[in-house]
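J.: Okay, handing you the structure first.
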Amino acid sequence: MAAASASRRRPKREWILPTYTGLVIAYLLIPIVVMMLFGFNDYPGKFNFVWEGFTLDHYRNLFEIPELTQALRNSLVIAAITSVVATTLGTLIALALTRFSFHGRSGLNLFIFIPMATPEIVLGVSLLSMFVAIGFARGFPTVLIAHIMFSISYVVVTVKARTSGFDRSLEDAARDLGADGWTTFWTVTFPLILPGIAAGGLLAFVLSFDDYVVTAFNAGATITFPLWIYGASRFGIPAQVNVMATLIFLLGVAYVVISLLRERGRSAAPDPSEA
Amino acid sequence: MANVRLEDVSKAFKSAVAVDNLTLTIDEGEFFSLLGPSGCGKTTTLRMIGGFEEPSSGRIWLGDEDVSGLPAHKRDVNTVFQSYALFPHLSVAENVAYGLKRQGVAKDEIGPRVEAMLELVDLEGYGQRRTTQLSGGQQQRVALARALVNRPQVLLLDEPLGALDLKLRKQMQLELKRIQSEVGITFIYVTHDQEEAMTMSDRIAVMSAGRLEQVGAPQDVYELPATSFVASFLGASNLLEGEIEGTSGEVTKVRLGVGGTVTLPAGRLTDSEGPVAVGVRPEKLHIQTTNSSEVDRGDNAIEATVVNSTYTGVSTSYECATSDGTRLVVYVQNLERSASPPGAGAKVRLTWDPDHTFAVSKARPEKT
Ligand SMILES: Nc1ncnc2c1ncn2[C@@H]1O[C@H](COP(=O)(O)OP(=O)(O)OP(=O)(O)O)[C@@H](O)[C@H]1O
Ligand SMILES: [Mg+2]
């Protein structure tokens with residue numbers, strides 16, 4: 001009896017989890033799939049909302065709209081610079097926070113969270129009033145300054161997760177084997193915290209690339225990708241935006257897959273002398 | 001020739017003095033152990049020799065060179081860390097090659113030297129593996145190879161076998177001894193396991209609370225402990241308090257607190273009068289029932305009562321008490337089946353050779 005009912009119940013329980021997981025994944029992916037699909041839509045006129053037929057025209061004429069291309073270029077350049085600068089500074093702060101006990105360390109630890117905890121609109125407005133107050137013209141440089149500012153905190157938190165669990169005896173071992181401080185950092189510390197740095201860098205890039213609120217307040221005449229799309233939405237968003245978004249999404253997926261594969265290859269490298 | 005010399009080395013941390021006025025000389029090619037309980041400053045001493053910790057005062061010499069102010073990477077010393085500290089992002093061979101690369105050894109020389117070293121520690125063919133895929137014992141060998149490949153003047157080992165199970169420990173003890181005699185490098189070996197120190201070392205330094213208690217060959221430290229701490233840390237010991245009565249020729253007489261006198265070789269006492277504690281190891285004591293036989297001429301003897309006895313197969317251990325309550329432990333080898341071993345409550349006489357008597361400077365038996 002008991003065995004029969006158990007075996008009857010088990011298949012039921014077995015498909016609940018996959019179904020649930022499938023639904024969640026669908027929920028996450030459907031908007032992206034729709035976005036990708038409409039990149040292939042052969043629509044007449046301005047509004048790309050109804051499926052009319054398949055075309056590759058938008059891929060062929062990807063850079064047909066000069067303003068959009070310029071906005072994308074601006075966003076990519078700003079995101080790249082933000083990512084490099086914020087990752088460098090953030091990594092150094094994370095190292096300092098985990099390595100050294102200095103005066104005001106706990107204060108700094110708290111301070112790092114402020115930009116993350118502040119609503120973006122507040123950040124945007126305060127930056128704007130500061131730039132106005134000191135008479136600094138809004139434009140490309142102010143966007144960069146703003147993006148670097150709010151990205152650093154995220155980098156610090158990401159890298160710190162890696163540095164705080166770091167086994168210091170590894171650095172002792174390197175010094176013991178004849179490496180000076182510089183060599184120790186580049187041959188031992190850096191390779192081991194690199195995954196954290198890479199994650200922080202990617203995060204900073206993405207945060208900068210898609211930021212609208214802070215940018216809108218501080219961009220002046222500079223148009224970024226999100227600013228352009230928002231402006232265009234009133235007249236109809238061209239399918240080139242879908243195509244660009246699709247390509248960026250695929251690049252992001254490729255990055256994640258590659259780093260996952262590398263991680264897996266590292267932990268489960270085939271063992272030549274066993275088996 | 002002196003290889004490592006510590007002169008009045010002290011290390012004070014904010015909270016405590018970890019090493020207190022340590023003076024030590026370690027000879028070339030010696031297997032030298034630092035032995036002591038947890039927190040006595042062994043690791044700190046080792047880290048000062050390695051250059052990871054700066055002494056608060058005192059000097060450290062390596063050969064003829066004063067290395068006191070020299071940073072770790074400039075000292076001709078290598079360390080096997082307690083946690084092994086293998087680089088997880090490098091393969092076994094790359095770990096071993098790390099030091100050679102730092103020294104700027106030619107590329108085509110590195111490969112063969114790494115191979116030879118892996119062979120020495122029985123890890124041929126493991127070069128391409130990741131260190132995270134190795135067992136504890138194998139990781140330990142990699143750590144050893146990584147240090148030895150640099151051919152340092154001195155190898156420092158901080159409880160290198162602490163993380164291994166007993167069987168592997170025993171095996172690695174022999175292995176380490178073999179490797180040390182093969183490479184002929186001075187080993188300074190930290191352990192809190194007295195048996196390990198005894199079986200492996202040429203000489204042992206016993207430390208307690210940052211201070212040096214005694215230095216000597218294993219037999220000397222065991223047979224003739226200089227302090228009550230050493231006596232109780234290295235195996236069981238029986239200590240009896242008394243007063244020096246006097247010395248005639250080669251023999252000193254000590255009047256015991258419980259009554260009676262015992263004798264010991266004159267050289268074993270530092271003082272010529274005043275209170276002392278004399279001791280004897282449990283296996284050196286003989287037990288006889290009081291009524292049966294007479295005391296051998298010249299033997300030390302003391303009357304006691306058996307409190308309990310424990311049969312352990314190879315031997316039987318008796319716990320006895322003297323009239324003033326001092327506990328004495330006696331190990332008797334079970335060479336033949338005794339018809340009537342003394343049971344609890346039996347009055348016995350404990351005797352021992354005066355030559356097996358030692359005296360400790362501090363007259364405070366350690367309570368353990
Ligand atoms: N970096 C440090 N800061 C403050 N105190 C320390 C530091 N390192 C060690 N100590 C203290 O110095 C004393 C000696 O420590 P040490 O690590 O040398 O002991 P040990 O003999 O190696 O002990 P164990 O057998 O447990 O490893 C301890 O009381 C310890 O708390
Ligand atoms: Mg220690």
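Labels used: A, B, ... for chains in the order of the structure tokens, numbers from 1 for residues in each chain, and numbers from 1 for ligands as shown.
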Please identify all residues of chain A having at least one atom at most 6 Å from any atom of chain B, considering only C-alpha atoms, and return them as a PyMOL selection string.
T.: chain A and resi 169-170+175-179
J.: Would you mind exporting the chosen residues as a JSON list (two decimals), in the first residue's frame, restricted to C-alpha atoms?
T.:
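again07.json written:
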[["chain", "number", "residue", "atom", "x", "y", "z"],
["A", 169, "SER", "CA", 50.08, 32.32, 4.11],
["A", 170, "LEU", "CA", 50.21, 32.04, 0.29],
["A", 175, "ARG", "CA", 58.11, 35.79, -0.09],
["A", 176, "ASP", "CA", 59.74, 32.74, 1.46],
["A", 177, "LEU", "CA", 60.58, 31.50, -2.04],
["A", 178, "GLY", "CA", 62.31, 34.74, -2.94],
["A", 179, "ALA", "CA", 59.57, 36.97, -4.38]]
J.: Select the residues contacting ligand 1 at a distance of at most 6 Å, based on only C-alpha atoms and all ligand atoms, then format the selection as a list in words.
T.: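 If we count only C-alpha atoms and all ligand atoms, the neighbours of ligand 1 turn out to be Phe13, Ser15, Ala18, Pro37, Ser38, Gly39, Cys40, Gly41, Lys42, Thr43, Thr44 and His192 of chain B.
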J.: What is the CA of Leu110 in chain A-CA of Ser129 in chain A distance in Å, reported with one decimal?
T.: 24.4 Å
J.: Please return, as a PyMOL selection string, all residues of range 209-264 of chain B that DSSP assigns to helix (DSSP H, G or I) on the basis of the backbone.
T.: chain B and resi 218-223+228-233
J.: Next, dump the selected residues to file, keeping only N, CA and C atoms, as a PDB file, in the first residue's frame.
T.:
ATOM      1  N   PRO B 218      67.705  13.895  22.505  1.00  0.00           N
ATOM      2  CA  PRO B 218      66.468  13.325  23.046  1.00  0.00           C
ATOM      3  C   PRO B 218      66.681  12.540  24.345  1.00  0.00           C
ATOM      4  N   GLN B 219      67.716  11.670  24.364  1.00  0.00           N
ATOM      5  CA  GLN B 219      67.951  10.883  25.580  1.00  0.00           C
ATOM      6  C   GLN B 219      68.224  11.774  26.778  1.00  0.00           C
ATOM      7  N   ASP B 220      69.054  12.794  26.569  1.00  0.00           N
ATOM      8  CA  ASP B 220      69.409  13.675  27.689  1.00  0.00           C
ATOM      9  C   ASP B 220      68.191  14.398  28.220  1.00  0.00           C
ATOM     10  N   VAL B 221      67.392  14.911  27.287  1.00  0.00           N
ATOM     11  CA  VAL B 221      66.227  15.675  27.718  1.00  0.00           C
ATOM     12  C   VAL B 221      65.239  14.768  28.440  1.00  0.00           C
ATOM     13  N   TYR B 222      65.133  13.528  27.955  1.00  0.00           N
ATOM     14  CA  TYR B 222      64.185  12.613  28.588  1.00  0.00           C
ATOM     15  C   TYR B 222      64.723  12.075  29.912  1.00  0.00           C
ATOM     16  N   GLU B 223      65.963  11.608  29.887  1.00  0.00           N
ATOM     17  CA  GLU B 223      66.509  10.958  31.088  1.00  0.00           C
ATOM     18  C   GLU B 223      66.818  11.965  32.189  1.00  0.00           C
ATOM     19  N   SER B 228      60.997  21.007  36.088  1.00  0.00           N
ATOM     20  CA  SER B 228      59.812  20.186  36.316  1.00  0.00           C
ATOM     21  C   SER B 228      58.899  20.226  35.102  1.00  0.00           C
ATOM     22  N   PHE B 229      58.931  21.341  34.348  1.00  0.00           N
ATOM     23  CA  PHE B 229      58.116  21.426  33.144  1.00  0.00           C
ATOM     24  C   PHE B 229      58.546  20.372  32.133  1.00  0.00           C
ATOM     25  N   VAL B 230      59.858  20.298  31.892  1.00  0.00           N
ATOM     26  CA  VAL B 230      60.369  19.327  30.933  1.00  0.00           C
ATOM     27  C   VAL B 230      60.052  17.913  31.406  1.00  0.00           C
ATOM     28  N   ALA B 231      60.229  17.690  32.722  1.00  0.00           N
ATOM     29  CA  ALA B 231      59.975  16.357  33.273  1.00  0.00           C
ATOM     30  C   ALA B 231      58.543  15.919  32.994  1.00  0.00           C
ATOM     31  N   SER B 232      57.587  16.818  33.158  1.00  0.00           N
ATOM     32  CA  SER B 232      56.206  16.392  32.980  1.00  0.00           C
ATOM     33  C   SER B 232      55.747  16.491  31.536  1.00  0.00           C
ATOM     34  N   PHE B 233      56.390  17.353  30.725  1.00  0.00           N
ATOM     35  CA  PHE B 233      55.966  17.475  29.329  1.00  0.00           C
ATOM     36  C   PHE B 233      56.431  16.284  28.512  1.00  0.00           C
TER      37      PHE B 233
END
J.: May I have the residues within 10 Å of range 52-61 of chain A as a ChimeraX atom specification, using only C-alpha atoms and disregarding those fewer than 2 positions away in the same chain?
T.: /A:37-44,48-50,63-65,238-244
J.: Take the selection from the previous step and output its residues with N, CA, C and O atoms, as a compact mmCIF listing (two decimals), in the first residue's frame.
T.:
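Result file out15.txt:
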# COMPACT_ATOMS: atom_id res chain seq x y z
N LEU A 37 13.44 38.89 -31.62
CA LEU A 37 12.58 38.57 -32.75
C LEU A 37 12.27 39.82 -33.58
O LEU A 37 12.37 39.82 -34.81
N PHE A 38 11.95 40.91 -32.90
CA PHE A 38 11.56 42.12 -33.61
C PHE A 38 12.75 42.81 -34.29
O PHE A 38 12.56 43.75 -35.05
N GLY A 39 13.92 42.33 -34.04
CA GLY A 39 15.07 42.78 -34.80
C GLY A 39 15.04 42.26 -36.22
O GLY A 39 15.73 42.76 -37.10
N PHE A 40 14.22 41.19 -36.42
CA PHE A 40 14.10 40.61 -37.76
C PHE A 40 12.79 41.01 -38.43
O PHE A 40 12.44 40.47 -39.47
N ASN A 41 12.04 41.91 -37.82
CA ASN A 41 10.71 42.24 -38.32
C ASN A 41 10.78 43.21 -39.52
O ASN A 41 11.42 44.25 -39.46
N ASP A 42 10.10 42.84 -40.57
CA ASP A 42 10.09 43.67 -41.79
C ASP A 42 8.90 44.62 -41.75
O ASP A 42 7.93 44.47 -42.47
N TYR A 43 8.97 45.62 -40.84
CA TYR A 43 7.81 46.48 -40.62
C TYR A 43 7.86 47.70 -41.54
O TYR A 43 8.93 48.21 -41.84
N PRO A 44 6.68 48.16 -41.99
CA PRO A 44 6.64 49.40 -42.76
C PRO A 44 6.44 50.56 -41.80
O PRO A 44 5.92 50.39 -40.71
N ASN A 48 7.48 49.48 -34.74
CA ASN A 48 7.92 48.10 -34.81
C ASN A 48 7.22 47.30 -33.72
O ASN A 48 7.85 46.81 -32.79
N PHE A 49 5.91 47.19 -33.80
CA PHE A 49 5.16 46.52 -32.73
C PHE A 49 4.41 45.29 -33.21
O PHE A 49 4.06 44.44 -32.42
N VAL A 50 4.14 45.19 -34.51
CA VAL A 50 3.36 44.08 -35.04
C VAL A 50 4.23 43.29 -36.01
O VAL A 50 4.97 43.87 -36.80
N PHE A 63 24.17 50.41 -38.97
CA PHE A 63 24.70 51.74 -38.63
C PHE A 63 24.12 52.83 -39.53
O PHE A 63 24.77 53.82 -39.83
N GLU A 64 22.85 52.61 -39.95
CA GLU A 64 22.20 53.51 -40.88
C GLU A 64 21.83 54.84 -40.22
O GLU A 64 21.78 55.88 -40.86
N ILE A 65 21.56 54.81 -38.91
CA ILE A 65 21.12 56.02 -38.23
C ILE A 65 22.33 56.62 -37.50
O ILE A 65 22.77 56.09 -36.48
N PRO A 238 13.51 52.39 -33.77
CA PRO A 238 13.89 51.63 -34.96
C PRO A 238 14.43 50.25 -34.59
O PRO A 238 14.96 50.07 -33.50
N ALA A 239 14.28 49.32 -35.49
CA ALA A 239 14.69 47.94 -35.22
C ALA A 239 16.19 47.80 -35.02
O ALA A 239 16.66 46.84 -34.44
N GLN A 240 16.97 48.79 -35.47
CA GLN A 240 18.41 48.74 -35.23
C GLN A 240 18.73 48.66 -33.74
O GLN A 240 19.69 48.02 -33.32
N VAL A 241 17.89 49.29 -32.93
CA VAL A 241 18.07 49.22 -31.47
C VAL A 241 17.94 47.77 -31.01
O VAL A 241 18.76 47.27 -30.23
N ASN A 242 16.91 47.06 -31.53
CA ASN A 242 16.75 45.65 -31.17
C ASN A 242 17.99 44.85 -31.56
O ASN A 242 18.46 44.00 -30.81
N VAL A 243 18.51 45.14 -32.74
CA VAL A 243 19.68 44.39 -33.22
C VAL A 243 20.88 44.65 -32.32
O VAL A 243 21.58 43.73 -31.88
N MET A 244 21.12 45.93 -32.02
CA MET A 244 22.26 46.27 -31.15
C MET A 244 22.10 45.60 -29.78
O MET A 244 23.04 45.03 -29.24
J.: Quick one: residues within 8 Å of Ser10 in chain B, only C-alpha atoms, excluding same-chain residues fewer than 4 positions away - as a ChimeraX atom specification?
T.: /B:17-22,55-58
J.: Would you please work out which residue, of B:Glu65, B:Glu115, B:Glu159, B:Glu54, is nearest to ligand 2 when using only C-alpha atoms and all ligand atoms?
T.: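 For ligand 2, the nearest of the given residues is B:Glu159.
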J.: Just want the 10 Å neighbourhood of Lys177 in chain B, counted on only C-alpha atoms, with same-chain residues fewer than 3 positions away dropped. Output as a count of residues only.
T.: 11
J.: Which residues are close to range 91-105 of chain A, i.e. within 7 Å by only C-alpha atoms, leaving aside same-chain residues fewer than 6 positions away? Reply as a list in words.
T.: Val155, Val156, Val159, Lys160, Thr163, Ser164 and Ile197 of chain A
J.: Grab the residues selected above and save them as a short mmCIF file (atom, residue, chain, number, x, y, z; two decimals), in the first residue's frame with N, CA and C atoms.
T.:
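Ended up saving to again.cif:
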data_model
loop_
_atom_site.label_atom_id
_atom_site.label_comp_id
_atom_site.auth_asym_id
_atom_site.auth_seq_id
_atom_site.Cartn_x
_atom_site.Cartn_y
_atom_site.Cartn_z
N VAL A 155 32.34 47.59 -7.39
CA VAL A 155 33.60 46.87 -7.60
C VAL A 155 34.21 46.51 -6.24
N VAL A 156 34.21 47.46 -5.31
CA VAL A 156 34.81 47.19 -4.00
C VAL A 156 34.13 45.99 -3.36
N VAL A 159 35.06 42.69 -5.27
CA VAL A 159 36.45 42.26 -5.10
C VAL A 159 36.71 41.87 -3.65
N LYS A 160 36.09 42.58 -2.73
CA LYS A 160 36.30 42.28 -1.31
C LYS A 160 35.87 40.87 -0.96
N THR A 163 38.99 39.03 -1.71
CA THR A 163 40.20 39.32 -0.93
C THR A 163 40.03 38.96 0.54
N SER A 164 38.79 39.04 1.06
CA SER A 164 38.65 38.80 2.50
C SER A 164 38.83 37.33 2.84
N ILE A 197 37.99 40.49 -9.67
CA ILE A 197 38.24 41.72 -10.42
C ILE A 197 37.47 41.70 -11.74
#
J.: Separation of CA of Val306 in chain B and CA of Pro282 in chain B, in Å?
T.: 14.0 Å
J.: As a PyMOL selection string, please: the residues near range 235-243 of chain B (cut-off 7 Å, only C-alpha atoms, same-chain neighbours under 4 positions excluded).
T.: chain B and resi 231+254-257+274-282+328-329+363+365
J.: B:Gln288, B:Thr45, B:Ser315, B:Ser323: which is nearest ligand 2, counting only C-alpha atoms and all ligand atoms?
T.: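 That would be B:Thr45, the residue with the smallest distance to ligand 2.
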J.: Could you tell me which of B:Val348, B:Val330, B:Leu46, B:Ala197 comes closest to ligand 2 if we count only C-alpha atoms and all ligand atoms?
T.: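 Counting only C-alpha atoms and all ligand atoms, the residue closest to ligand 2 is B:Leu46.
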